[in-house]
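*Asks:* Sharing data10.txt here; it has compact mmCIF, C-alpha atoms.
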# COMPACT_ATOMS: atom_id res chain seq x y z
CA MET D 1 2.87 13.17 -18.34
CA GLU D 2 6.14 11.56 -19.32
CA ARG D 3 7.96 11.48 -16.02
CA VAL D 4 9.22 8.95 -13.52
CA MET D 5 7.98 8.93 -9.94
CA ILE D 6 10.69 7.34 -7.80
CA LEU D 7 9.45 5.74 -4.59
CA ASN D 8 11.99 4.68 -1.98
CA GLY D 9 10.78 1.62 -0.05
CA SER D 10 13.74 1.41 2.31
CA PRO D 11 12.85 1.44 6.03
CA ARG D 12 15.68 3.95 6.54
CA ALA D 13 14.84 5.94 3.44
CA PRO D 14 16.44 9.31 4.33
CA LYS D 15 19.81 7.63 5.03
CA SER D 16 19.51 4.67 2.69
CA ASN D 17 21.64 3.30 -0.11
CA SER D 18 18.36 3.20 -2.05
CA LYS D 19 18.29 7.00 -1.87
CA ARG D 20 21.78 7.15 -3.40
CA TYR D 21 20.71 4.77 -6.18
CA ALA D 22 17.68 7.00 -6.80
CA GLU D 23 19.93 10.05 -7.08
CA ILE D 24 22.10 8.30 -9.66
CA PHE D 25 18.93 7.37 -11.57
CA THR D 26 17.80 11.01 -11.60
CA GLU D 27 21.23 12.16 -12.82
CA ASN D 28 21.05 9.67 -15.70
CA CYS D 29 17.41 9.95 -16.69
CA ARG D 30 16.56 12.13 -19.69
CA ILE D 31 13.01 12.82 -18.54
CA GLN D 32 11.80 14.52 -15.38
CA THR D 33 11.83 12.55 -12.11
CA GLU D 34 10.14 13.13 -8.78
CA TYR D 35 11.49 11.44 -5.66
CA PHE D 36 9.59 10.41 -2.52
CA ASN D 37 10.35 8.29 0.53
CA ILE D 38 7.52 5.93 1.43
CA THR D 39 6.54 6.62 5.03
CA LYS D 40 3.79 5.24 7.24
CA THR D 41 1.69 8.36 6.77
CA ASN D 42 2.03 9.35 3.10
CA HIS D 43 0.47 6.35 1.30
CA GLU D 44 -2.63 8.28 0.34
CA SER D 45 -0.83 11.29 -1.13
CA LEU D 46 1.58 9.06 -3.08
CA CYS D 47 -1.27 7.04 -4.58
CA ALA D 48 -3.03 10.28 -5.57
CA LYS D 49 0.07 11.57 -7.36
CA MET D 50 0.47 8.34 -9.31
CA LYS D 51 -2.29 9.12 -11.79
CA ASP D 52 -0.18 11.97 -13.24
CA VAL D 53 2.93 9.98 -14.10
CA SER D 54 3.78 7.57 -16.89
CA ASN D 55 6.28 5.55 -14.85
CA VAL D 56 6.93 4.55 -11.26
CA LEU D 57 10.31 3.23 -10.13
CA PHE D 58 10.38 1.44 -6.78
CA VAL D 59 13.85 1.51 -5.24
CA PHE D 60 14.29 -0.79 -2.25
CA PRO D 61 16.60 -3.19 -0.43
CA LEU D 62 16.06 -6.93 -0.14
CA TYR D 63 14.90 -7.70 3.40
CA ALA D 64 14.74 -11.30 4.64
CA ASP D 65 14.71 -12.55 1.03
CA GLY D 66 11.70 -10.44 0.07
CA LEU D 67 10.08 -7.00 -0.04
CA PRO D 68 10.67 -4.81 3.02
CA VAL D 69 7.53 -4.27 5.12
CA THR D 70 7.67 -0.53 4.31
CA LEU D 71 7.09 -1.39 0.64
CA LEU D 72 4.69 -4.28 1.29
CA SER D 73 2.41 -2.04 3.36
CA PHE D 74 2.40 0.58 0.62
CA LEU D 75 1.56 -1.98 -2.09
CA LYS D 76 -1.37 -3.24 -0.03
CA PHE D 77 -2.67 0.33 0.28
CA LEU D 78 -2.15 0.94 -3.44
CA GLU D 79 -4.11 -2.23 -4.22
CA GLU D 80 -7.09 -0.75 -2.39
CA ASN D 81 -6.58 2.78 -3.81
CA PRO D 82 -5.47 2.42 -7.42
CA PRO D 83 -4.92 5.48 -9.64
CA GLU D 84 -7.36 6.03 -12.52
CA THR D 85 -4.61 5.54 -15.09
CA ARG D 86 -1.97 3.01 -14.23
CA PRO D 87 1.72 3.87 -14.70
CA VAL D 88 4.30 1.32 -15.82
CA ILE D 89 6.10 -0.06 -12.76
CA SER D 90 9.86 -0.69 -12.79
CA ILE D 91 12.16 -1.62 -9.90
CA LEU D 92 15.71 -1.15 -8.66
CA VAL D 93 16.43 -3.67 -5.89
CA ASN D 94 19.69 -4.16 -4.01
CA CYS D 95 21.03 -6.74 -1.58
CA GLY D 96 24.22 -6.93 0.48
CA PHE D 97 25.26 -10.31 -0.97
CA ILE D 98 27.51 -10.54 -3.99
CA GLU D 99 24.98 -12.54 -6.03
CA TYR D 100 22.54 -10.03 -7.49
CA GLN D 101 20.38 -13.06 -8.32
CA GLN D 102 19.42 -13.26 -4.63
CA ASN D 103 17.04 -10.38 -5.43
CA HIS D 104 15.12 -12.49 -7.89
CA THR D 105 12.30 -13.57 -5.57
CA ALA D 106 11.58 -9.92 -4.75
CA LEU D 107 11.47 -9.17 -8.48
CA LYS D 108 8.95 -11.98 -8.99
CA MET D 109 6.82 -10.61 -6.15
CA MET D 110 6.71 -7.18 -7.80
CA GLN D 111 5.80 -8.73 -11.15
CA LEU D 112 3.02 -10.64 -9.41
CA PHE D 113 1.71 -7.44 -7.80
CA CYS D 114 1.63 -5.85 -11.26
CA SER D 115 -0.14 -8.72 -12.98
CA LYS D 116 -2.74 -8.98 -10.20
CA ASN D 117 -3.45 -5.26 -10.26
CA GLY D 118 -3.36 -4.39 -13.94
CA TYR D 119 0.00 -2.64 -14.14
CA THR D 120 2.52 -3.20 -16.92
CA PHE D 121 5.81 -4.33 -15.43
CA GLY D 122 8.67 -2.42 -17.03
CA SER D 123 12.35 -2.91 -16.36
CA ALA D 124 14.34 -4.05 -13.36
CA LEU D 125 17.87 -3.66 -12.08
CA GLU D 126 19.10 -6.14 -9.48
CA ILE D 127 22.20 -4.99 -7.60
CA GLY D 128 24.49 -7.30 -5.63
CA SER D 129 27.02 -6.09 -3.02
CA GLY D 130 24.68 -3.11 -2.80
CA GLU D 131 25.62 -2.07 0.72
CA ALA D 132 29.17 -1.11 -0.23
CA ILE D 133 29.56 -0.95 -4.01
CA LEU D 134 28.99 2.83 -4.21
CA SER D 135 32.02 3.34 -1.94
CA THR D 136 34.31 1.28 -4.18
CA PRO D 137 36.05 1.83 -7.53
CA PHE D 138 33.19 -0.24 -9.05
CA LYS D 139 30.68 2.59 -8.63
CA TRP D 140 30.88 3.31 -12.38
CA LEU D 141 29.53 -0.17 -13.16
CA VAL D 142 26.40 0.67 -11.17
CA LYS D 143 26.08 4.07 -12.84
CA ARG D 144 26.32 2.47 -16.27
CA LYS D 145 23.58 -0.05 -15.47
CA ILE D 146 21.32 2.58 -13.90
CA LYS D 147 21.69 4.64 -17.05
CA LYS D 148 20.65 1.60 -19.11
CA LEU D 149 17.71 1.07 -16.78
CA ALA D 150 16.58 4.68 -17.25
CA THR D 151 16.94 4.49 -21.03
CA SER D 152 15.04 1.21 -21.25
CA ILE D 153 12.15 2.72 -19.29
CA ILE D 154 12.01 5.87 -21.45
CA GLU D 155 12.27 3.94 -24.72
CA LYS D 156 9.83 1.26 -23.48
CA LYS D 157 12.35 -1.46 -24.33
CA TYR D 158 11.92 -3.24 -21.04
CA ARG D 159 14.67 -5.48 -19.72
CA ILE D 160 16.01 -7.11 -16.57
CA TYR D 161 19.55 -5.98 -15.65
CA GLY D 162 21.96 -7.14 -12.97
CA VAL D 163 25.21 -5.76 -11.58
CA THR D 164 27.64 -6.60 -8.78
CA MET D 165 31.30 -6.26 -7.86
CA PRO D 166 33.45 -8.15 -10.41
CA ILE D 167 35.53 -9.95 -7.78
CA SER D 168 35.69 -13.52 -6.46
CA LYS D 169 33.36 -14.58 -3.66
CA ASN D 170 36.28 -15.10 -1.28
CA MET D 171 37.63 -11.65 -2.03
CA PHE D 172 34.13 -10.24 -1.49
CA ILE D 173 33.91 -11.93 1.91
CA ARG D 174 37.27 -10.46 2.97
CA ALA D 175 36.24 -7.00 1.77
CA SER D 176 32.82 -7.13 3.41
CA THR D 177 34.34 -8.34 6.70
CA GLN D 178 36.64 -5.31 6.70
CA TYR D 179 33.71 -3.05 5.74
CA TRP D 180 31.68 -4.19 8.75
CA ILE D 181 34.65 -4.03 11.15
CA ASN D 182 35.19 -0.40 10.12
CA TYR D 183 31.45 0.31 10.41
CA ALA D 184 31.32 -0.99 14.01
CA LYS D 185 34.59 0.65 14.98
CA LYS D 186 32.85 4.04 14.72
CA ASN D 187 30.53 2.80 17.49
CA GLY D 188 33.45 1.57 19.61
CA VAL D 189 32.52 -2.08 18.93
CA THR D 190 35.25 -4.63 18.17
CA LYS D 191 35.30 -7.47 15.67
CA GLU D 192 35.16 -9.98 18.55
CA GLU D 193 32.08 -8.28 20.04
CA MET D 194 30.38 -8.28 16.63
CA ALA D 195 31.09 -11.98 16.28
CA SER D 196 29.37 -12.78 19.59
CA MET D 197 27.26 -15.93 19.43
CA LYS D 198 24.99 -14.60 22.19
CA ILE D 199 21.44 -13.52 21.39
CA GLU D 200 19.83 -10.92 23.72
CA MET I 1 12.76 -26.36 21.48
CA ASN I 2 9.53 -26.89 19.52
CA LEU I 3 7.92 -23.67 18.35
CA ILE I 4 4.79 -22.62 16.48
CA LEU I 5 5.03 -19.05 15.23
CA SER I 6 1.70 -17.89 13.86
CA ASP I 7 0.12 -14.73 12.46
CA ASN I 8 -3.27 -16.18 13.39
CA PRO I 9 -4.57 -16.90 16.95
CA LEU I 10 -5.38 -20.53 15.91
CA ASN I 11 -8.36 -20.61 18.26
CA GLY I 12 -9.10 -24.13 19.45
CA LEU I 13 -5.59 -25.47 18.80
CA LYS I 14 -4.79 -28.47 21.01
CA ARG I 15 -1.90 -27.26 23.14
CA LYS I 16 1.01 -29.50 24.10
CA GLU I 17 3.29 -28.90 27.06
CA ASN I 18 6.51 -29.22 25.09
CA VAL I 19 5.36 -27.13 22.13
CA HIS I 20 5.65 -23.38 22.55
CA PHE I 21 2.99 -21.35 20.72
CA ILE I 22 3.35 -17.68 19.81
CA ASP I 23 0.46 -15.70 18.34
CA LEU I 24 2.22 -12.80 16.64
CA SER I 25 -1.07 -11.01 15.99
CA ALA I 26 -1.42 -10.45 19.76
CA LEU I 27 2.05 -8.91 20.12
CA LYS I 28 3.31 -5.39 19.65
CA ILE I 29 6.08 -5.51 17.06
CA ALA I 30 7.37 -2.44 15.21
CA ASN I 31 9.03 -2.44 11.80
CA CYS I 32 12.76 -2.96 11.52
CA ILE I 33 14.31 0.46 10.87
CA GLY I 34 17.43 -0.91 9.17
CA CYS I 35 19.79 0.75 11.67
CA PHE I 36 22.27 -2.19 11.81
CA GLY I 37 22.44 -1.64 15.60
CA CYS I 38 22.01 -5.38 16.21
CA TRP I 39 25.17 -6.00 14.15
CA THR I 40 27.36 -3.00 14.92
CA LYS I 41 26.26 -1.34 18.21
CA THR I 42 24.75 -3.95 20.51
CA PRO I 43 25.56 -7.21 18.70
CA GLY I 44 22.76 -9.76 19.12
CA ARG I 45 20.29 -7.25 20.59
CA CYS I 46 17.72 -5.12 18.80
CA VAL I 47 17.58 -1.49 19.85
CA ILE I 48 13.75 -1.48 19.63
CA ARG I 49 12.68 -2.96 22.95
CA ASP I 50 9.20 -4.26 22.08
CA ASP I 51 7.76 -7.79 21.98
CA ALA I 52 10.03 -8.91 19.11
CA VAL I 53 12.97 -9.20 21.51
CA LYS I 54 11.15 -12.02 23.34
CA VAL I 55 10.48 -13.85 20.09
CA TYR I 56 13.75 -13.98 18.13
CA PRO I 57 15.69 -15.78 20.93
CA LEU I 58 13.03 -18.52 20.78
CA ILE I 59 13.30 -18.76 16.99
CA ALA I 60 17.06 -19.18 17.45
CA LYS I 61 16.62 -21.97 20.03
CA SER I 62 13.99 -23.94 18.15
CA ASP I 63 14.99 -27.05 16.26
CA HIS I 64 11.42 -27.83 15.22
CA ILE I 65 9.53 -24.81 13.98
CA ILE I 66 6.22 -24.19 12.23
CA TYR I 67 5.64 -20.80 10.63
CA VAL I 68 1.98 -20.04 9.94
CA SER I 69 1.43 -17.10 7.61
CA ARG I 70 -1.02 -15.61 5.20
CA VAL I 71 0.54 -15.17 1.75
CA LYS I 72 0.68 -11.79 0.01
CA TYR I 73 2.25 -11.25 -3.44
CA GLY I 74 4.00 -14.61 -3.15
CA GLY I 75 5.61 -13.73 0.19
CA TYR I 76 4.69 -13.58 3.85
CA ASP I 77 1.99 -11.09 4.75
CA THR I 78 2.83 -8.15 7.02
CA ILE I 79 2.65 -9.75 10.48
CA MET I 80 5.09 -12.61 9.81
CA LYS I 81 7.33 -10.52 7.55
CA THR I 82 7.66 -7.85 10.24
CA MET I 83 8.81 -10.49 12.74
CA LEU I 84 11.28 -12.05 10.30
CA GLU I 85 12.83 -8.65 9.58
CA ARG I 86 13.15 -8.03 13.31
CA SER I 87 14.97 -11.38 13.68
CA ILE I 88 18.26 -10.29 12.13
CA PRO I 89 19.95 -9.91 15.56
CA ILE I 90 20.32 -13.72 15.45
CA GLN I 91 22.74 -13.28 12.54
CA GLN I 92 26.06 -11.47 12.39
CA ALA I 93 26.99 -8.76 9.92
CA PHE I 94 29.77 -11.03 8.70
CA ILE I 95 29.33 -13.01 5.52
CA ARG I 96 30.35 -16.60 4.77
CA LEU I 97 30.09 -19.02 1.90
CA HIS I 98 27.14 -21.38 2.33
CA HIS I 99 26.08 -23.69 -0.52
CA ASN I 100 28.51 -21.67 -2.64
CA GLU I 101 26.57 -18.45 -2.07
CA THR I 102 27.28 -15.55 0.26
CA HIS I 103 25.11 -15.51 3.40
CA HIS I 104 25.33 -14.06 6.88
CA VAL I 105 27.04 -15.98 9.69
CA GLN I 106 24.49 -17.26 12.22
CA ARG I 107 24.92 -16.69 15.95
CA ASP I 108 23.83 -19.48 18.32
CA VAL I 109 20.99 -20.66 16.08
CA ALA I 110 19.87 -24.31 16.18
CA PRO I 111 19.61 -26.03 12.78
CA LYS I 112 15.90 -26.30 12.05
CA LYS I 113 13.38 -28.75 10.73
CA ALA I 114 10.95 -26.14 9.45
CA THR I 115 7.38 -26.39 8.21
CA ILE I 116 5.81 -23.38 6.57
CA ILE I 117 2.03 -23.41 6.58
CA ALA I 118 0.88 -20.84 4.06
CA TYR I 119 -2.75 -19.84 3.74
CA GLY I 120 -5.03 -17.51 1.80
CA ASP I 121 -6.26 -17.31 -1.75
CA ILE I 122 -3.10 -18.52 -3.47
CA ASP I 123 -2.97 -19.44 -7.15
CA LYS I 124 -0.44 -21.70 -8.86
CA GLY I 125 1.98 -18.92 -9.87
CA GLU I 126 1.94 -17.40 -6.41
CA LYS I 127 2.62 -20.81 -4.83
CA GLU I 128 5.67 -21.15 -7.05
CA ILE I 129 7.06 -17.77 -5.94
CA PHE I 130 6.39 -18.66 -2.30
CA ARG I 131 8.26 -21.96 -2.73
CA GLN I 132 11.21 -20.05 -4.19
CA LEU I 133 11.12 -17.69 -1.22
CA ILE I 134 11.25 -20.58 1.25
CA ALA I 135 14.17 -22.12 -0.65
CA ARG I 136 15.99 -18.78 -0.13
CA ASN I 137 14.92 -18.67 3.53
CA ALA I 138 16.32 -22.17 4.04
CA TYR I 139 19.83 -20.84 3.43
CA ASN I 140 19.40 -17.61 5.37
CA MET I 141 17.39 -18.96 8.30
CA ASN I 142 19.36 -22.14 9.03
CA PHE I 143 16.79 -24.72 7.88
CA GLN I 144 18.25 -28.22 7.86
CA SER I 145 15.13 -29.46 6.12
CA TYR I 146 11.76 -27.94 5.35
CA SER I 147 8.36 -28.48 3.86
CA VAL I 148 5.76 -26.04 2.59
CA VAL I 149 2.07 -26.77 3.14
CA PHE I 150 -0.62 -24.68 1.45
CA THR I 151 -4.04 -24.57 3.06
CA GLU I 152 -7.18 -22.51 3.62
CA GLN I 153 -7.70 -20.34 6.67
CA ASP I 154 -10.62 -22.56 7.79
CA ALA I 155 -8.37 -25.61 7.87
CA LEU I 156 -5.46 -23.97 9.70
CA VAL I 157 -5.90 -25.49 13.15
CA LYS I 158 -6.24 -29.01 11.79
CA THR I 159 -3.26 -28.52 9.47
CA VAL I 160 -1.06 -27.27 12.30
CA GLU I 161 -2.09 -30.18 14.55
CA ASN I 162 -1.25 -32.66 11.78
CA GLU I 163 2.19 -31.15 11.30
CA VAL I 164 2.91 -31.13 15.05
CA LYS I 165 2.02 -34.84 15.18
CA LYS I 166 4.80 -35.53 12.66
CA TRP I 167 7.37 -34.18 15.13
CA ASN I 168 6.70 -37.12 17.50
CA VAL I 169 7.41 -34.95 20.52
Here is a file; write its structure as structure tokens.

*Replies:*
Amino acid sequence: MERVMILNGSPRAPKSNSKRYAEIFTENCRIQTEYFNITKTNHESLCAKMKDVSNVLFVFPLYADGLPVTLLSFLKFLEENPPETRPVISILVNCGFIEYQQNHTALKMMQLFCSKNGYTFGSALEIGSGEAILSTPFKWLVKRKIKKLATSIIEKKYRIYGVTMPISKNMFIRASTQYWINYAKKNGVTKEEMASMKIE
Amino acid sequence: MNLILSDNPLNGLKRKENVHFIDLSALKIANCIGCFGCWTKTPGRCVIRDDAVKVYPLIAKSDHIIYVSRVKYGGYDTIMKTMLERSIPIQQAFIRLHHNETHHVQRDVAPKKATIIAYGDIDKGEKEIFRQLIARNAYNMNFQSYSVVFTEQDALVKTVENEVKKWNV
């Protein structure tokens, strides 16, 4: 059936930015979507559902320059338990750095998974400054690209998209520093404490 | 500090007094839950108090380090990747410019001469992706220099011993 199964590979899926990106995708997708968080215990049921969908969209954050273990573990399970008919796999990956290109290795890894396992790789959207962009006036840029991503998947005109905040790197560093100071302030932690050089 | 961090027990490896060896496969290490606690609640400390908290301080201290990992989809397989994700307490939330790209500020992390020994059934395309990954890691994990060595599981012990010899320690 023509629908998109959205799988969230973030380790903190219920509270993740990936979940918010998935919601925007659903709002801007003309065909039906179904959303699931990947957990340690639902690999089997997710793989079983995959045979009924035309498209899968993995939404996940970049972790240590690659795929988060939550997603990696699921892919390994999927490799052993493939659906009878293979959906087209697309991705939406985000990182906290301003350069959306830092996601590119993760994109290549997903393409490799697809080519090794007989899936068509569809489209991709790489998001930079992904931790904060949805809380800024640049949110519309992300929405616009997610809409393009959805359309490209539906129309089978697959493409690789990228989006980030349209500001200088120095301005980004100042903004992200303030973002993190405010984040820690809610926990009663100061900028100086956050900048501690001590480990453990 | 000289450190070998391995996802394989490397049975039969010649041990040296001044080279610390950690077999990750024998440790209990949970997945990072992405809580940002190590950046914004207890800076420098992970809230999950399992074996990972003994490992990341040693990664930070090491100036010679060998990572031994099976390769999966052009990246580290689960054991090593889990440990690397749990190592973010050694960085700060704050971002700096490094090689004209944005990266996290490191805490007290020694610059590293790193060797990555990658094993498994790895074809040419997968090797290329893995090399790209290590080039990214070099910026984010404070490598001063690095080399990537591909090998078979059967040849791991010998490969590690050869690389340790090059340290002259």

*Asks:* One decimal, in Å: what's the spacing between CA of Gly44 (chain I) and CA of Gln91 (chain I)?

*Replies:*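 It comes out at 7.5 Å.
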
*Asks:* Once you count all atoms listed in the file, which residues of chain I turn out to be within 8 Å of chain D? Could you give them as a ChimeraX atom specification?

*Replies:* /I:31-35,39-41,43-46,53,57,73-75,78,81-82,84-85,89-90,92-97,101-103,106-108,126,129,132-133,136-137,140

*Asks:* Skipping near chain neighbours, those fewer than 2 positions away, what residues fall within 12 Å of Lys54 (chain I) using only C-alpha atoms, listed as a PyMOL selection string?

*Replies:* (chain D and resi 199-200) or (chain I and resi 22+24+27-29+45-46+48-52+56-61+83+86-87+89)

*Asks:* Can you list, as an MDAnalysis selection string, every protein, DNA or RNA residue that comes within 8 Å of Glu34 (chain D) when you count all atoms listed in the file, leaving out same-chain residues fewer than 4 positions away?

*Replies:* chainID D and resid 3:6

*Asks:* So, counting only C-alpha atoms, which residue among I:Val169, I:Ile88, I:Met141, I:Ala26 is closest to Val47 (chain I)?

*Replies:*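 Using only C-alpha atoms, Val47 (chain I) sits closest to I:Ile88.
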
*Asks:* Report, in Å with one decimal, the straight-line distance from CA of Arg70 (chain I) to CA of Lys112 (chain I).

*Replies:*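 Going from CA of Arg70 (chain I) over to CA of Lys112 (chain I) covers 21.2 Å.
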
*Asks:* Quick one, how far is CA of Leu92 (chain D) from CA of Lys157 (chain D)?

*Replies:* 16.0 Å

*Asks:* Which residue is closest to Glu126 (chain D)? Choose from D:Thr85, D:Asn8, D:Asn55, D:Gln101 and count only C-alpha atoms.

*Replies:* D:Gln101

*Asks:* For Trp140 (chain D), which residue out of D:Met165, D:Leu57, D:Ile31, D:Ala124 is the nearest one, using only C-alpha atoms?

*Replies:*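 Checking each candidate against Trp140 (chain D), we get D:Met165 as the closest.
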
*Asks:* Which residue is closest to Phe25 (chain D)? Choose from D:Met50, D:Val163, D:Leu141, D:Ile146 and count all atoms listed in the file.

*Replies:* D:Ile146

*Asks:* Name the residues within 10 Å of (11.2, -4.1, -15.6), counting all atoms listed in the file in the file's coordinates, and put them as a list in words.

*Replies:* Leu57, Val88, Ile89, Ser90, Ile91, Leu92, Leu107, Met110, Gln111, Thr120, Phe121, Gly122, Ser123, Ala124, Leu125, Leu149, Ser152, Ile153, Lys156, Lys157, Tyr158, Arg159, Ile160 and Tyr161 of chain D

*Asks:* Pull region 16-33 of chain D out of the block and emit N, CA and C atoms, as an mmCIF file, in the first residue's frame.

*Replies:*
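Contents of selection.cif, freshly written:
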data_model
loop_
_atom_site.group_PDB
_atom_site.id
_atom_site.type_symbol
_atom_site.label_atom_id
_atom_site.label_comp_id
_atom_site.auth_asym_id
_atom_site.auth_seq_id
_atom_site.Cartn_x
_atom_site.Cartn_y
_atom_site.Cartn_z
ATOM 1 N N SER D 16 12.497 13.289 21.391
ATOM 2 C CA SER D 16 13.584 13.666 20.488
ATOM 3 C C SER D 16 13.204 14.751 19.494
ATOM 4 N N ASN D 17 14.226 15.434 18.996
ATOM 5 C CA ASN D 17 14.013 16.330 17.858
ATOM 6 C C ASN D 17 13.549 15.520 16.647
ATOM 7 N N SER D 18 14.066 14.298 16.524
ATOM 8 C CA SER D 18 13.668 13.439 15.401
ATOM 9 C C SER D 18 12.152 13.269 15.369
ATOM 10 N N LYS D 19 11.553 13.164 16.555
ATOM 11 C CA LYS D 19 10.092 13.015 16.617
ATOM 12 C C LYS D 19 9.419 14.265 16.043
ATOM 13 N N ARG D 20 9.970 15.428 16.355
ATOM 14 C CA ARG D 20 9.383 16.677 15.842
ATOM 15 C C ARG D 20 9.547 16.759 14.318
ATOM 16 N N TYR D 21 10.705 16.306 13.823
ATOM 17 C CA TYR D 21 10.891 16.283 12.363
ATOM 18 C C TYR D 21 9.893 15.324 11.714
ATOM 19 N N ALA D 22 9.655 14.198 12.374
ATOM 20 C CA ALA D 22 8.696 13.214 11.845
ATOM 21 C C ALA D 22 7.294 13.811 11.795
ATOM 22 N N GLU D 23 6.950 14.583 12.814
ATOM 23 C CA GLU D 23 5.614 15.207 12.839
ATOM 24 C C GLU D 23 5.456 16.191 11.673
ATOM 25 N N ILE D 24 6.523 16.955 11.429
ATOM 26 C CA ILE D 24 6.466 17.908 10.303
ATOM 27 C C ILE D 24 6.332 17.141 8.985
ATOM 28 N N PHE D 25 7.030 16.012 8.893
ATOM 29 C CA PHE D 25 6.926 15.185 7.677
ATOM 30 C C PHE D 25 5.473 14.750 7.474
ATOM 31 N N THR D 26 4.856 14.249 8.536
ATOM 32 C CA THR D 26 3.472 13.772 8.450
ATOM 33 C C THR D 26 2.528 14.897 8.013
ATOM 34 N N GLU D 27 2.758 16.088 8.597
ATOM 35 C CA GLU D 27 1.899 17.238 8.236
ATOM 36 C C GLU D 27 2.043 17.617 6.758
ATOM 37 N N ASN D 28 3.180 17.304 6.175
ATOM 38 C CA ASN D 28 3.452 17.747 4.804
ATOM 39 C C ASN D 28 3.489 16.619 3.783
ATOM 40 N N CYS D 29 3.004 15.460 4.178
ATOM 41 C CA CYS D 29 3.033 14.303 3.282
ATOM 42 C C CYS D 29 1.611 14.024 2.795
ATOM 43 N N ARG D 30 1.459 13.925 1.470
ATOM 44 C CA ARG D 30 0.112 13.770 0.908
ATOM 45 C C ARG D 30 -0.437 12.357 1.065
ATOM 46 N N ILE D 31 0.448 11.392 1.341
ATOM 47 C CA ILE D 31 -0.083 10.033 1.537
ATOM 48 C C ILE D 31 0.011 9.668 3.026
ATOM 49 N N GLN D 32 -0.653 8.582 3.368
ATOM 50 C CA GLN D 32 -0.756 8.183 4.773
ATOM 51 C C GLN D 32 0.620 7.839 5.366
ATOM 52 N N THR D 33 0.826 8.218 6.624
ATOM 53 C CA THR D 33 2.064 7.847 7.315
ATOM 54 C C THR D 33 1.718 7.103 8.601
#
